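Peer 1: Data: entry_33.txt, compact mmCIF, C-alpha atoms.
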# COMPACT_ATOMS: atom_id res chain seq x y z
CA MET M 1 -0.57 23.38 -6.03
CA SER M 2 -0.21 25.70 -8.96
CA SER M 3 -3.61 27.20 -8.31
CA GLU M 4 -2.30 28.72 -5.07
CA GLY M 5 -0.95 31.53 -7.24
CA THR M 6 2.27 32.07 -5.29
CA GLN M 7 4.69 30.68 -7.85
CA LYS M 8 6.66 32.34 -10.58
CA VAL M 9 7.52 30.80 -13.89
CA THR M 10 11.31 30.78 -14.24
CA VAL M 11 13.80 29.00 -16.48
CA ALA M 12 13.87 26.24 -13.84
CA SER M 13 10.12 25.73 -14.34
CA TYR M 14 10.61 24.98 -18.03
CA VAL M 15 13.66 22.80 -17.36
CA LEU M 16 11.76 20.75 -14.76
CA LEU M 17 8.73 20.44 -17.02
CA ALA M 18 10.95 19.13 -19.82
CA LEU M 19 12.72 16.80 -17.38
CA ALA M 20 9.39 15.39 -16.15
CA CYS M 21 8.32 14.77 -19.75
CA ILE M 22 11.58 12.88 -20.33
CA ILE M 23 11.31 10.86 -17.10
CA PHE M 24 7.74 9.72 -17.81
CA SER M 25 8.30 9.21 -21.55
CA GLY M 26 10.59 6.24 -21.04
CA VAL M 27 13.12 7.41 -23.66
CA PHE M 28 15.99 6.43 -21.40
CA ALA M 29 14.45 3.18 -20.18
CA LYS M 30 16.68 0.74 -22.01
CA HIS M 31 20.37 1.16 -22.62
CA THR M 32 22.18 -1.20 -24.97
CA PRO M 33 25.83 -1.16 -26.08
CA ASP M 34 24.56 0.35 -29.36
CA SER M 35 22.75 3.25 -27.66
CA TRP M 36 23.97 6.72 -28.67
CA TRP M 37 23.59 8.03 -25.13
CA PRO M 38 25.62 7.19 -21.97
CA ALA M 39 24.17 4.65 -19.53
CA TRP M 40 23.99 7.14 -16.64
CA LEU M 41 21.15 8.95 -18.43
CA GLN M 42 18.94 6.07 -17.32
CA VAL M 43 18.62 8.03 -14.11
CA PHE M 44 16.01 10.05 -16.05
CA ASP M 45 13.63 7.12 -16.34
CA PHE M 46 10.68 6.49 -14.05
CA ASN M 47 11.04 2.71 -13.97
CA ILE M 48 14.76 2.88 -13.23
CA LEU M 49 14.05 5.20 -10.30
CA ASN M 50 11.17 2.98 -9.19
CA GLY M 51 13.49 -0.06 -9.03
CA SER M 52 12.23 -3.48 -8.01
CA PHE M 53 11.48 -5.46 -4.89
CA GLY M 54 13.96 -8.07 -3.73
CA THR M 55 12.97 -11.71 -3.67
CA ILE M 56 12.33 -13.94 -0.68
CA ALA M 57 15.37 -16.14 -0.01
CA LYS M 58 15.41 -19.37 -2.04
CA SER M 59 12.50 -18.11 -4.12
CA THR M 60 12.06 -16.05 -7.25
CA ASN M 61 9.03 -14.22 -5.84
CA ASN M 62 8.79 -11.05 -3.78
CA PHE M 63 6.75 -10.75 -0.58
CA ARG M 64 3.48 -11.14 -2.49
CA GLY M 65 4.28 -14.68 -3.52
CA VAL M 66 2.24 -16.53 -6.13
CA GLY M 67 -1.13 -18.28 -6.17
CA GLY M 68 -2.94 -15.91 -3.81
CA VAL M 69 -6.58 -14.96 -4.41
CA GLY M 70 -9.27 -12.70 -3.00
CA ALA M 71 -8.95 -9.83 -0.53
CA ARG M 72 -5.68 -11.04 1.01
CA ASP M 73 -3.96 -11.23 -2.33
CA GLY M 74 -5.47 -7.87 -3.29
CA PHE M 75 -4.06 -6.31 -0.14
CA LEU M 76 -0.50 -7.46 -0.79
CA PHE M 77 -0.82 -6.57 -4.45
CA ALA M 78 -1.93 -3.02 -3.58
CA LEU M 79 0.98 -2.72 -1.12
CA ASN M 80 3.24 -3.71 -4.01
CA LEU M 81 1.96 -0.72 -5.97
CA CYS M 82 2.41 1.98 -3.35
CA PRO M 83 6.06 2.87 -4.19
CA SER M 84 5.13 3.79 -7.78
CA VAL M 85 2.37 6.11 -6.62
CA ILE M 86 4.60 7.68 -3.97
CA LEU M 87 7.45 8.23 -6.44
CA ALA M 88 5.22 9.54 -9.24
CA LEU M 89 3.36 12.04 -7.07
CA GLY M 90 6.64 13.11 -5.41
CA LEU M 91 8.14 13.92 -8.81
CA VAL M 92 4.99 15.68 -10.03
CA LYS M 93 4.99 17.81 -6.87
CA ILE M 94 8.56 18.99 -7.50
CA VAL M 95 7.59 20.06 -11.02
CA ASP M 96 4.49 21.78 -9.68
CA GLY M 97 6.37 23.37 -6.78
CA TYR M 98 8.85 25.06 -9.11
CA GLY M 99 6.14 26.39 -11.38
CA GLY M 100 6.47 23.68 -14.03
CA LEU M 101 2.72 23.36 -14.46
CA LEU M 102 2.34 27.12 -14.76
CA ALA M 103 5.05 27.02 -17.43
CA ALA M 104 2.95 24.43 -19.23
CA GLU M 105 -0.01 26.79 -18.98
CA LYS M 106 2.03 29.60 -20.58
CA ILE M 107 3.02 27.31 -23.43
CA ILE M 108 -0.48 26.02 -24.19
CA ARG M 109 -2.53 29.16 -23.46
CA PRO M 110 -2.30 30.68 -26.99
CA PHE M 111 -3.59 27.43 -28.48
CA PHE M 112 -6.77 27.29 -26.39
CA LYS M 113 -9.08 29.34 -28.64
CA PRO M 114 -8.12 27.78 -32.00
CA LEU M 115 -7.76 24.25 -30.62
CA LEU M 116 -10.64 24.09 -28.17
CA GLY M 117 -12.83 27.14 -28.75
CA ILE M 118 -12.35 28.43 -25.21
CA PRO M 119 -10.51 31.62 -24.20
CA GLY M 120 -6.97 31.55 -22.77
CA ILE M 121 -8.22 32.90 -19.45
CA THR M 122 -9.31 29.35 -18.63
CA GLY M 123 -5.62 28.30 -18.64
CA LEU M 124 -5.22 28.23 -14.87
CA ALA M 125 -8.45 26.31 -14.35
CA PHE M 126 -7.27 23.90 -17.05
CA ILE M 127 -3.99 23.29 -15.22
CA THR M 128 -5.91 22.92 -11.96
CA HIS M 129 -8.20 20.26 -13.47
CA LEU M 130 -5.13 18.13 -14.13
CA GLN M 131 -4.80 17.73 -10.37
CA SER M 132 -8.05 18.69 -8.76
CA THR M 133 -11.51 17.97 -10.14
CA ASP M 134 -13.31 20.01 -7.53
CA GLY M 135 -10.94 22.98 -7.63
CA ALA M 136 -11.27 23.29 -11.40
CA ALA M 137 -15.07 22.97 -11.29
CA ALA M 138 -15.28 25.78 -8.75
CA MET M 139 -12.91 27.96 -10.82
CA THR M 140 -15.01 27.31 -13.94
CA LYS M 141 -18.16 28.45 -12.17
CA GLU M 142 -16.35 31.59 -11.05
CA LEU M 143 -15.12 32.30 -14.59
CA PHE M 144 -18.73 32.10 -15.80
CA ASP M 145 -20.17 34.10 -12.90
CA ASP M 146 -17.58 36.86 -13.51
CA GLY M 147 -18.51 36.98 -17.19
CA HIS M 148 -15.17 35.72 -18.50
CA ILE M 149 -16.72 32.80 -20.36
CA THR M 150 -20.13 32.26 -21.96
CA ASP M 151 -22.48 29.36 -21.25
CA GLU M 152 -21.34 27.65 -24.46
CA GLU M 153 -17.68 28.08 -23.56
CA ARG M 154 -18.41 26.63 -20.13
CA THR M 155 -20.04 23.61 -21.78
CA LEU M 156 -16.95 23.15 -23.95
CA PHE M 157 -14.60 23.60 -21.02
CA THR M 158 -16.47 21.13 -18.80
CA THR M 159 -16.51 18.62 -21.68
CA LEU M 160 -12.72 18.91 -21.72
CA GLN M 161 -12.53 18.46 -17.94
CA PHE M 162 -15.21 15.76 -17.58
CA SER M 163 -13.41 13.02 -19.53
CA ALA M 164 -10.24 12.03 -17.64
CA ASN M 165 -10.76 14.58 -14.89
CA GLY M 166 -7.88 15.08 -12.47
CA THR M 167 -5.79 13.73 -15.34
CA ILE M 168 -2.27 13.85 -13.90
CA THR M 169 -3.13 12.80 -10.35
CA ASN M 170 -5.49 10.04 -11.43
CA TYR M 171 -3.16 8.75 -14.11
CA PHE M 172 -0.16 8.53 -11.82
CA ALA M 173 -2.09 7.38 -8.76
CA THR M 174 -4.21 4.69 -10.40
CA ILE M 175 -2.80 3.74 -13.79
CA ALA M 176 0.90 4.20 -13.07
CA GLY M 177 0.41 2.60 -9.67
CA ALA M 178 -1.74 -0.38 -10.52
CA LEU M 179 -0.93 -1.15 -14.12
CA GLN M 180 2.42 0.22 -15.26
CA ALA M 181 4.14 -3.07 -14.43
CA TYR M 182 2.13 -4.60 -17.28
CA PHE M 183 2.67 -1.81 -19.80
CA VAL M 184 4.29 -2.70 -23.10
CA VAL M 185 4.68 0.99 -24.02
CA PRO M 186 6.39 3.89 -22.18
CA LEU M 187 4.38 5.21 -19.24
CA GLY M 188 3.92 8.61 -20.91
CA LEU M 189 2.38 7.31 -24.15
CA PRO M 190 -1.15 6.46 -22.91
CA LEU M 191 -1.16 9.89 -21.24
CA VAL M 192 -0.51 11.57 -24.61
CA VAL M 193 -3.38 9.52 -26.10
CA ILE M 194 -5.63 10.65 -23.23
CA PHE M 195 -4.91 14.32 -23.98
CA LEU M 196 -5.49 13.82 -27.70
CA CYS M 197 -8.87 12.20 -27.02
CA LYS M 198 -9.86 14.96 -24.59
CA ILE M 199 -9.17 17.53 -27.32
CA MET M 200 -11.05 15.43 -29.86
CA GLY M 201 -14.07 15.09 -27.54
CA THR M 202 -14.18 18.83 -26.88
CA ASN M 203 -14.23 19.49 -30.61
CA ILE M 204 -17.08 17.04 -31.07
CA MET M 205 -19.02 19.08 -28.52
CA ARG M 206 -17.98 22.24 -30.38
CA LEU M 207 -19.51 20.78 -33.50
CA ILE M 208 -22.71 19.81 -31.68
CA LEU M 209 -23.06 23.33 -30.26
CA LYS M 210 -22.45 24.86 -33.68
CA MET M 211 -25.07 22.62 -35.29
CA GLN M 212 -27.60 23.41 -32.56
CA SER M 213 -27.05 27.14 -32.82
CA LYS M 214 -27.44 26.94 -36.63
CA LYS M 215 -30.64 24.97 -36.13
CA SER M 216 -32.07 27.51 -33.71
CA THR M 217 -31.04 30.43 -35.96
CA GLY M 218 -32.76 28.68 -38.85
CA ALA M 219 -35.87 28.12 -36.77
CA GLU M 220 -35.99 31.79 -35.79
CA ALA M 221 -35.63 32.89 -39.41
CA MET X 1 4.69 38.73 10.72
CA SER X 2 6.99 35.80 9.96
CA LYS X 3 8.06 35.21 6.37
CA PRO X 4 6.81 31.99 4.77
CA VAL X 5 9.56 29.35 4.68
CA LYS X 6 10.74 28.70 1.14
CA LYS X 7 10.46 25.04 0.19
CA ASN X 8 13.18 23.18 -1.66
CA ALA X 9 12.94 20.20 -4.03
CA ILE X 10 13.18 17.72 -1.15
CA ASP X 11 10.31 19.39 0.70
CA TYR X 12 8.18 19.27 -2.44
CA PHE X 13 9.05 15.63 -3.07
CA ILE X 14 8.17 14.65 0.50
CA GLU X 15 4.89 16.56 0.25
CA GLY X 16 3.99 14.79 -3.00
CA ALA X 17 5.21 11.44 -1.71
CA ARG X 18 3.08 11.85 1.40
CA SER X 19 0.04 12.51 -0.73
CA GLY X 20 1.05 9.46 -2.83
CA TRP X 21 1.09 7.33 0.32
CA THR X 22 -2.30 8.71 1.40
CA ILE X 23 -3.82 8.07 -2.03
CA GLY X 24 -2.13 4.67 -2.22
CA THR X 25 -3.39 3.45 1.13
CA THR X 26 -6.73 5.21 1.47
CA SER X 27 -7.91 5.16 -2.14
CA MET X 28 -5.98 2.68 -4.25
CA LEU X 29 -5.64 -0.11 -1.67
CA PRO X 30 -9.37 -0.34 -0.79
CA ASN X 31 -10.24 -0.13 -4.50
CA VAL X 32 -7.81 -2.90 -5.40
CA VAL X 33 -9.00 -5.13 -2.55
CA MET X 34 -12.59 -4.52 -3.65
CA ALA X 35 -11.68 -5.37 -7.24
CA PHE X 36 -9.94 -8.59 -6.19
CA VAL X 37 -13.00 -9.61 -4.18
CA ILE X 38 -15.34 -8.85 -7.11
CA ILE X 39 -13.10 -10.87 -9.42
CA ARG X 40 -13.19 -13.72 -6.89
CA ILE X 41 -17.00 -13.55 -6.82
CA LEU X 42 -17.17 -13.48 -10.64
CA ASN X 43 -14.79 -16.44 -10.86
CA VAL X 44 -16.45 -18.56 -8.17
CA THR X 45 -19.94 -17.98 -9.59
CA GLY X 46 -18.80 -18.60 -13.16
CA ILE X 47 -20.05 -15.17 -14.29
CA MET X 48 -16.59 -14.28 -15.54
CA ASP X 49 -16.66 -17.13 -18.07
CA LEU X 50 -20.15 -16.11 -19.19
CA LEU X 51 -19.00 -12.52 -19.60
CA GLY X 52 -16.11 -13.75 -21.71
CA GLU X 53 -18.58 -15.53 -24.01
CA TRP X 54 -21.27 -12.83 -24.14
CA ALA X 55 -19.09 -9.78 -24.58
CA GLY X 56 -16.33 -11.48 -26.52
CA GLY X 57 -17.67 -10.40 -29.92
CA VAL X 58 -17.95 -6.71 -29.05
CA MET X 59 -14.68 -6.46 -27.14
CA SER X 60 -12.78 -8.22 -29.90
CA LEU X 61 -13.22 -4.99 -31.90
CA TRP X 62 -10.47 -3.64 -29.64
CA GLY X 63 -8.52 -6.87 -29.52
CA LEU X 64 -9.77 -7.55 -26.00
CA PRO X 65 -11.44 -10.57 -24.38
CA GLY X 66 -15.06 -10.25 -23.27
CA GLN X 67 -14.05 -10.10 -19.63
CA ALA X 68 -12.48 -6.68 -20.28
CA LEU X 69 -16.01 -5.26 -20.32
CA ALA X 70 -16.05 -5.70 -16.53
CA VAL X 71 -13.02 -3.38 -16.33
CA LEU X 72 -14.80 -0.65 -18.30
CA LEU X 73 -17.99 -1.00 -16.26
CA ALA X 74 -16.00 -0.76 -13.02
CA ALA X 75 -14.09 2.26 -14.37
CA PHE X 76 -17.38 4.04 -15.08
CA MET X 77 -18.08 3.90 -11.33
CA SER X 78 -14.51 4.57 -10.16
CA MET X 79 -11.11 4.85 -11.81
CA GLY X 80 -9.45 3.01 -8.95
CA GLY X 81 -12.01 0.22 -9.26
CA GLY X 82 -11.37 -0.09 -12.99
CA ALA X 83 -7.59 -0.09 -12.56
CA GLY X 84 -7.86 -2.59 -9.70
CA MET X 85 -10.09 -4.82 -11.78
CA ALA X 86 -7.63 -4.73 -14.70
CA ALA X 87 -4.75 -5.51 -12.36
CA ALA X 88 -6.63 -8.41 -10.78
CA MET X 89 -7.44 -9.86 -14.21
CA ALA X 90 -3.84 -9.45 -15.30
CA VAL X 91 -2.72 -11.33 -12.20
CA ASP X 92 -5.19 -14.11 -13.05
CA GLY X 93 -3.90 -14.20 -16.62
CA VAL X 94 -7.30 -13.24 -18.07
CA LEU X 95 -5.74 -10.05 -19.47
CA THR X 96 -2.30 -9.96 -21.07
CA PRO X 97 0.06 -6.95 -20.78
CA VAL X 98 -1.11 -5.90 -24.26
CA HIS X 99 -4.75 -5.92 -23.10
CA VAL X 100 -3.86 -3.91 -20.00
CA THR X 101 -2.02 -1.33 -22.11
CA ILE X 102 -4.99 -0.94 -24.46
CA LEU X 103 -7.41 -0.54 -21.54
CA ALA X 104 -5.31 1.95 -19.54
CA PRO X 105 -6.33 5.25 -21.24
CA ALA X 106 -9.98 4.13 -21.41
CA ILE X 107 -10.08 3.60 -17.64
CA ILE X 108 -9.12 7.25 -17.17
CA LEU X 109 -11.16 8.75 -20.03
CA MET X 110 -14.47 7.14 -19.00
CA GLY X 111 -13.48 6.84 -15.35
CA ALA X 112 -15.73 7.86 -12.46
CA LEU X 113 -18.22 9.60 -14.76
CA LEU X 114 -21.04 9.02 -12.29
CA GLN X 115 -19.11 10.89 -9.59
CA TYR X 116 -17.97 13.62 -11.95
CA MET X 117 -21.50 14.44 -13.02
CA GLY X 118 -21.92 16.02 -9.61
CA ARG X 119 -18.38 17.08 -8.85
CA CYS X 120 -17.56 18.59 -12.26
CA LEU X 121 -20.71 19.27 -14.26
CA GLY X 122 -22.86 20.08 -11.24
CA THR X 123 -20.36 22.25 -9.36
CA SER X 124 -19.35 24.24 -12.45
CA GLY X 125 -23.00 24.84 -13.28
CA SER X 126 -22.56 23.36 -16.74
CA ASN X 127 -25.77 23.44 -18.81
CA PRO X 128 -27.67 20.18 -17.96
CA LYS X 129 -29.07 20.15 -21.50
CA TYR X 130 -25.69 18.83 -22.69
CA TRP X 131 -24.85 16.37 -19.87
CA GLY X 132 -26.01 13.41 -21.92
CA TRP X 133 -23.77 14.47 -24.79
CA GLN X 134 -20.85 14.97 -22.41
CA ILE X 135 -21.23 11.46 -20.97
CA GLY X 136 -21.50 10.02 -24.49
CA ILE X 137 -18.40 11.93 -25.61
CA ALA X 138 -16.37 10.72 -22.60
CA ILE X 139 -17.26 7.09 -23.43
CA PHE X 140 -16.55 7.72 -27.12
CA ASN X 141 -13.14 9.17 -26.16
CA ALA X 142 -12.38 5.97 -24.25
CA LEU X 143 -13.34 3.71 -27.15
CA ILE X 144 -11.28 5.73 -29.64
CA ALA X 145 -8.30 5.78 -27.24
CA MET X 146 -8.31 1.98 -27.13
CA TRP X 147 -8.13 1.85 -30.93
CA ILE X 148 -5.30 4.41 -30.98
CA LEU X 149 -3.36 2.37 -28.40
CA ARG X 150 -4.02 -0.80 -30.36
CA PHE X 151 -2.61 0.88 -33.44
CA LEU X 152 0.40 2.31 -31.59
CA LEU X 153 1.20 -1.13 -30.21
CA LEU X 154 2.09 -2.19 -33.75
CA PHE X 155 5.23 -0.08 -33.31
CA PHE X 156 6.23 -1.57 -29.97
CA GLY X 157 6.90 -5.13 -30.94
CA ASP X 158 3.90 -6.58 -29.06
CA SER X 159 1.39 -6.91 -31.85
CA PRO X 160 -2.22 -6.75 -30.61
CA ALA X 161 -2.98 -9.47 -33.10
CA ALA X 162 -0.89 -11.75 -30.93
CA ALA X 163 -2.95 -10.87 -27.85
Write the structure described by the file as structure tokens, please.
Peer 2:
Amino acid sequence: MSSEGTQKVTVASYVLLALACIIFSGVFAKHTPDSWWPAWLQVFDFNILNGSFGTIAKSTNNFRGVGGVGARDGFLFALNLCPSVILALGLVKIVDGYGGLLAAEKIIRPFFKPLLGIPGITGLAFITHLQSTDGAAAMTKELFDDGHITDEERTLFTTLQFSANGTITNYFATIAGALQAYFVVPLGLPLVVIFLCKIMGTNIMRLILKMQSKKSTGAEA
Amino acid sequence: MSKPVKKNAIDYFIEGARSGWTIGTTSMLPNVVMAFVIIRILNVTGIMDLLGEWAGGVMSLWGLPGQALAVLLAAFMSMGGGAGMAAAMAVDGVLTPVHVTILAPAIILMGALLQYMGRCLGTSGSNPKYWGWQIGIAIFNALIAMWILRFLLLFFGDSPAAA
């Protein structure tokens, strides 16, 4: 994991990060004769790589069949979903392994203070929270204990973490696994919406803190 | 002292894939089975139909049927439970692909908040004075995300109005 601190950010890190964004965005999902890009670029699409199950002979259904209910049906359904989770987390690990997530941290770090009201030093804990709820929470406590962030900044930072915690792992393990077969938008789009809402929520908390501090200053005066 | 072995892309993939298998079988599978059983209970007892009637008005604000409320309630307890519940309802035809797409970001944004109160807010030592606000904001994020998705769906051919 990126929080191990043994990786370096190289050109490959940025390339892999960009590649992962492309793969999960679904831009190369559908190729038509009118497409401006060659068909082989479909190899950079998550669903193409995920493929499909074959069907049982003389049937149009895969091993799950149709008409099942209850725990037995749930079991086969969940088994159906495992390849997506395995593939998604395998791909994310490659990006992480080559420093792609640290590259993301470098890109976003300067925007932390203006966008979220928290200092850039929280960048690594932010990247960690995308994969590990507990790791990021421990790092946040350490940042506060070492005096790098104030109590207010910690409140803002935990607001950011709290909603959609473990974002990448949870998204790809639960949403991509269980629901992406039903999606009518590219797999990456709901993830973008999730990040936007996390930023929005943090700024709501920023506003609340500002209003409260104004109130207490007014009361003191 | 021996030098650490440098990993290549294949090693990383296998490592991630292994964790995917572990998560898939030890977290997702039990959650999905649980969700399917709950759905079965709700269907057999007729509660699912009642939920559809009671919550229909509120959930229609997001273009969703009343039964979708069960997905959000399950998500509040556990993300896997919420996703499993949505999948089970999609299998039953209660939720359409458009509904599932609208619900997806909400399941994550307001997912497992009960657990995260301890694991995130508690562990980080976040000021308890603001926990209530933080829970409210997480739920608010989820509700707004569903509206954003509903709006974005207008550009993907599957109009939510048709859902």
Peer 1: List the spatial neighbours of M:Leu76 as a short mmCIF file (atom, residue, chain, number, x, y, z; two decimals) with C-alpha atoms, keeping the file's coordinate frame - criterion: any atom at most 12 Å away, all atoms listed in the file, same-chain residues fewer than 5 positions off excluded.
Peer 2:
data_model
loop_
_atom_site.label_atom_id
_atom_site.label_comp_id
_atom_site.auth_asym_id
_atom_site.auth_seq_id
_atom_site.Cartn_x
_atom_site.Cartn_y
_atom_site.Cartn_z
CA ASN M 62 8.79 -11.05 -3.78
CA PHE M 63 6.75 -10.75 -0.58
CA ARG M 64 3.48 -11.14 -2.49
CA GLY M 65 4.28 -14.68 -3.52
CA VAL M 66 2.24 -16.53 -6.13
CA GLY M 68 -2.94 -15.91 -3.81
CA VAL M 69 -6.58 -14.96 -4.41
CA GLY M 70 -9.27 -12.70 -3.00
CA ALA M 71 -8.95 -9.83 -0.53
CA LEU M 81 1.96 -0.72 -5.97
CA CYS M 82 2.41 1.98 -3.35
CA THR X 25 -3.39 3.45 1.13
CA LEU X 29 -5.64 -0.11 -1.67
CA PRO X 30 -9.37 -0.34 -0.79
CA VAL X 32 -7.81 -2.90 -5.40
CA VAL X 33 -9.00 -5.13 -2.55
CA PHE X 36 -9.94 -8.59 -6.19
CA ALA X 88 -6.63 -8.41 -10.78
#
Peer 1: Excluding stretch 124-134 of chain X and its own-chain neighbours fewer than 6 positions away, which residues fall within 8 Å of it when counting all atoms listed in the file? Please give them as a PDB file with C-alpha atoms, in the frame of the given file.
Peer 2:
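This is the output file out15.pdb:
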ATOM      1  CA  ALA M 137     -15.070  22.970 -11.290  1.00  0.00           C
ATOM      2  CA  ALA M 138     -15.280  25.780  -8.750  1.00  0.00           C
ATOM      3  CA  MET M 139     -12.910  27.960 -10.820  1.00  0.00           C
ATOM      4  CA  THR M 140     -15.010  27.310 -13.940  1.00  0.00           C
ATOM      5  CA  LYS M 141     -18.160  28.450 -12.170  1.00  0.00           C
ATOM      6  CA  ASP M 151     -22.480  29.360 -21.250  1.00  0.00           C
ATOM      7  CA  ARG M 154     -18.410  26.630 -20.130  1.00  0.00           C
ATOM      8  CA  THR M 155     -20.040  23.610 -21.780  1.00  0.00           C
ATOM      9  CA  THR M 158     -16.470  21.130 -18.800  1.00  0.00           C
ATOM     10  CA  THR M 159     -16.510  18.620 -21.680  1.00  0.00           C
ATOM     11  CA  PHE M 162     -15.210  15.760 -17.580  1.00  0.00           C
ATOM     12  CA  MET M 205     -19.020  19.080 -28.520  1.00  0.00           C
TER      13      MET M 205
ATOM     14  CA  MET X 117     -21.500  14.440 -13.020  1.00  0.00           C
TER      15      MET X 117
END
Peer 1: Which of these, X:Met48, X:Leu153, X:Ala145, X:Ala70, has the shortest distance to X:Ala106 once you count all atoms listed in the file?
Peer 2: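 Going through X:Met48, X:Leu153, X:Ala145, X:Ala70 one by one, the smallest distance to X:Ala106 is for X:Ala145.
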Peer 1: So that I can check the surroundings of X:Met85, please list as a VMD selection string every protein, DNA and RNA residue that reaches within 9 Å of it, counting all atoms listed in the file and ignoring chain neighbours fewer than 4 positions away.
Peer 2: chain X and resid 31 to 32 34 to 36 38 to 39 70 to 71 74 to 75 80 to 81 89 to 90
Peer 1: Measuring between all atoms listed in the file, which one of X:Val44, X:Val94, X:Ile139, X:Ile14 shows the shortest distance to X:Phe76?
Peer 2: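 Ranking X:Val44, X:Val94, X:Ile139, X:Ile14 by distance to X:Phe76, first place goes to X:Ile139.
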Peer 1: Which polymer residues, protein or nucleic acid, are no farther than 7 Å from (-18.2, 25.3, -25.7), counting all atoms listed in the file, as number ranges by chain?
Peer 2: M: 117-118, 152-157, 205-206, 209
Peer 1: Within 7 Å of X:Ala83, counting all atoms listed in the file, which residues qualify if same-chain residues fewer than 5 places away don't, as an mmCIF file with C-alpha atoms, keeping the file's coordinate frame?
Peer 2:
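Below is the file selection19.cif, written as the result:
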data_model
loop_
_atom_site.group_PDB
_atom_site.id
_atom_site.type_symbol
_atom_site.label_atom_id
_atom_site.label_comp_id
_atom_site.auth_asym_id
_atom_site.auth_seq_id
_atom_site.Cartn_x
_atom_site.Cartn_y
_atom_site.Cartn_z
ATOM 1 C CA THR M 174 -4.210 4.690 -10.400
ATOM 2 C CA ILE M 175 -2.800 3.740 -13.790
ATOM 3 C CA ALA M 178 -1.740 -0.380 -10.520
ATOM 4 C CA LEU M 179 -0.930 -1.150 -14.120
ATOM 5 C CA ILE X 107 -10.080 3.600 -17.640
#
Peer 1: For a test of reading the model, state the distance in Å between atom CA of X:Ile47 and atom CA of X:Val98, rounded to one decimal.
Peer 2: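 Atom-to-atom, atom CA of X:Ile47 to atom CA of X:Val98, that is 23.3 Å.
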